[in-house]
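Visitor: Before I ask anything, let me first share the structure, which is written out below as structure tokens.
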Amino acid sequence: MKVSHWLFPVEVLGPNARLALWVQGCRKHCAGCVSPELRAQNGGIDYQVPELAKLLNRILREHRLQGVTISGGEPFEQAEELFALCESLQCADILVYSGYSYRTLCRRYGAKLKKSGIGVLVTGPYRQELNDDLPLRGSANQQIVYLKDELRESYRAYLAEEKRRQQMFVAEDQIFLAGIPPAGRAEVQRAEIEKIIAKEAVS
Ligand code: SF4
């Protein structure tokens with residue numbers, strides 16, 4: 001499975017402290033995409049799913065994380081690997097983002113989707129003109145779908161309380177942001193981060 005990176009504890013992409021993982025590769029072209037660097041098919045690190053699951057399960061256990069969020073890139077471009085990973089993760093709350101609509105996902109994957117271990121989906125392409133600064137979704141057209149009914153309450157409480165926020169992580173000379181940027185800020189933030197990195201490189 002091609003993975004760009006993961007971060008933890010992430011508190012801005014779903015309820016509770018989570019492990020967030022970004023897959024590499026997306027063939028969609030949403031205008032204003034917040035992570036264009038994750039669209040390339042030739043980046044990231046290719047993991048065997050059992051190894052990856054073992055690694056992530058250890059992180060979940062050791063850091064007592066209560067949820068997993070999988071974003072990208074487009075997770076369903078690696079659907080078989082995604083299903084295998086979600087089935088192997090020892091976590092009851094797995095949230096997956098997809099640029100495809102729920103209807104398309106159901107048509108393509110049917111019952112497999114519901115049995116995959118995925119708890120919640122945020123589906124639909126990002127549309128920058130509908131970015132409403134609300135938490136969890138990038139734009140108002142995106143749909144939150146509960147595949148596990150028992151997660152509904154914790155997400156409802158989270159959505160009622162949460163404001164859109166971001167977290168910054170620094171690792172191996174790189175700056176990573178988790179969370180959905182405020183409307184109109186994605187490109188400005190990218191330029192600011194590049195400036196910080198360039199400054200660090202010359203000092
Ligand atoms: S689906 Fe996500 S990663 Fe792909 S182009 Fe749209 S916003 Fe970017």
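Letters for chains follow the order of the structure tokens (A, B, ...), residue numbers begin at 1 for each chain, and ligand numbers begin at 1 in the order shown.
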Report as a Markdown table the residues of range 108-176 of chain A within 9 Å of range 32-49 of chain A, each with its shortest atom pair and distance in Å (one decimal), using only C-alpha atoms, ordered by chain and increasing residue number.

Guide:
| residue | atom | partner | partner_atom | distance |
| --- | --- | --- | --- | --- |
| A:Tyr126 | CA | A:Cys33 | CA | 6.9 |
| A:Arg127 | CA | A:Gly32 | CA | 7.7 |
| A:Gln128 | CA | A:Gly32 | CA | 6.0 |
| A:Gly138 | CA | A:Val34 | CA | 8.9 |

Visitor: Identify, with DSSP run on backbone atoms, the residues in range 17-158 of chain A assigned to strand (DSSP E or B), and express the list as an mmCIF file with C-alpha atoms, in the first residue's frame.

Guide:
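Wrote part35.cif, looks like this:
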data_model
loop_
_atom_site.group_PDB
_atom_site.id
_atom_site.type_symbol
_atom_site.label_atom_id
_atom_site.label_comp_id
_atom_site.auth_asym_id
_atom_site.auth_seq_id
_atom_site.Cartn_x
_atom_site.Cartn_y
_atom_site.Cartn_z
ATOM 1 C CA ARG A 18 -6.137 9.461 16.669
ATOM 2 C CA LEU A 19 -3.541 8.013 14.371
ATOM 3 C CA ALA A 20 -3.893 9.755 10.993
ATOM 4 C CA LEU A 21 -2.463 8.184 7.856
ATOM 5 C CA TRP A 22 -2.163 9.766 4.398
ATOM 6 C CA VAL A 23 -1.988 7.466 1.391
ATOM 7 C CA ILE A 45 6.588 4.270 0.481
ATOM 8 C CA ASP A 46 5.126 0.968 -0.640
ATOM 9 C CA GLY A 67 -9.272 6.255 16.468
ATOM 10 C CA VAL A 68 -7.708 6.048 13.020
ATOM 11 C CA THR A 69 -8.255 8.517 10.172
ATOM 12 C CA ILE A 70 -7.185 7.564 6.648
ATOM 13 C CA SER A 71 -6.932 10.308 4.063
ATOM 14 C CA ILE A 94 -11.800 4.083 11.572
ATOM 15 C CA LEU A 95 -12.688 7.162 9.531
ATOM 16 C CA VAL A 96 -11.848 7.182 5.809
ATOM 17 C CA TYR A 97 -11.966 10.154 3.438
ATOM 18 C CA SER A 98 -12.781 9.674 -0.233
ATOM 19 C CA VAL A 120 -17.279 6.382 9.122
ATOM 20 C CA LEU A 121 -16.767 7.774 5.620
ATOM 21 C CA VAL A 122 -16.468 11.370 4.498
ATOM 22 C CA THR A 123 -17.294 11.176 0.801
ATOM 23 C CA GLN A 143 -21.325 13.554 3.059
ATOM 24 C CA ILE A 144 -20.614 11.971 6.447
ATOM 25 C CA VAL A 145 -21.743 8.342 6.322
ATOM 26 C CA TYR A 146 -21.922 6.118 9.408
#

Visitor: Find the distance between CA of Gln189 in chain A and CA of Gln167 in chain A and write it in Å to one decimal.

Guide: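 Distance reported for this atom pair: 12.5 Å.
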
Visitor: Per DSSP on the backbone, filter range 17-108 of chain A down to the residues in helix (DSSP H, G or I) and report them as a ChimeraX atom specification.

Guide: /A:36-38,49-62,75-88,102-108

Visitor: Contacts of Ala140 in chain A at 7 Å or less, counting only C-alpha atoms, minus same-chain residues fewer than 4 places along, as a count of residues only?

Guide: 3

Visitor: Tell me which of A:Gly184, A:Val3, A:Gly124, A:Lys148 sits closest to Ser101 in chain A, counting only C-alpha atoms.

Guide: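 The answer is A:Gly124, which sits nearest to Ser101 in chain A.
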
Visitor: Can you work out which one of A:Val12, A:Leu89, A:Ile180, A:Ala191 has the shortest atom-to-atom distance to ligand 1, counting only C-alpha atoms and all ligand atoms?

Guide: A:Ile180

Visitor: I want to know what sits within 12 Å of range 106-110 of chain A, based on only C-alpha atoms, with residues of the same chain fewer than 6 positions away left out; could you give that as a PyMOL selection string?

Guide: chain A and resi 76-77+79-80+82-83+100+116+121+123+145+147

Visitor: Which residues come within 10 Å of range 133-136 of chain A, counting only C-alpha atoms, excluding same-chain residues fewer than 5 positions away, as a list in words?

Guide: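 Near range 133-136 of chain A, the qualifying residues are Val12, Leu13, Gly14, Pro15, Tyr97, Val122, Gln142, Ile144, Tyr155, Tyr158, Leu159, Ala160, Glu161, Glu162, Lys163, Arg164, Arg165, Gly179, Ile180, Pro181, Pro182, Ala183 and Gly184 of chain A.
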
Visitor: Between A:Ala111, A:Cys26, A:Leu52, A:Ala92, which is the closest to Pro75 in chain A once you count only C-alpha atoms?

Guide: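 For Pro75 in chain A, the nearest of the given residues is A:Cys26.
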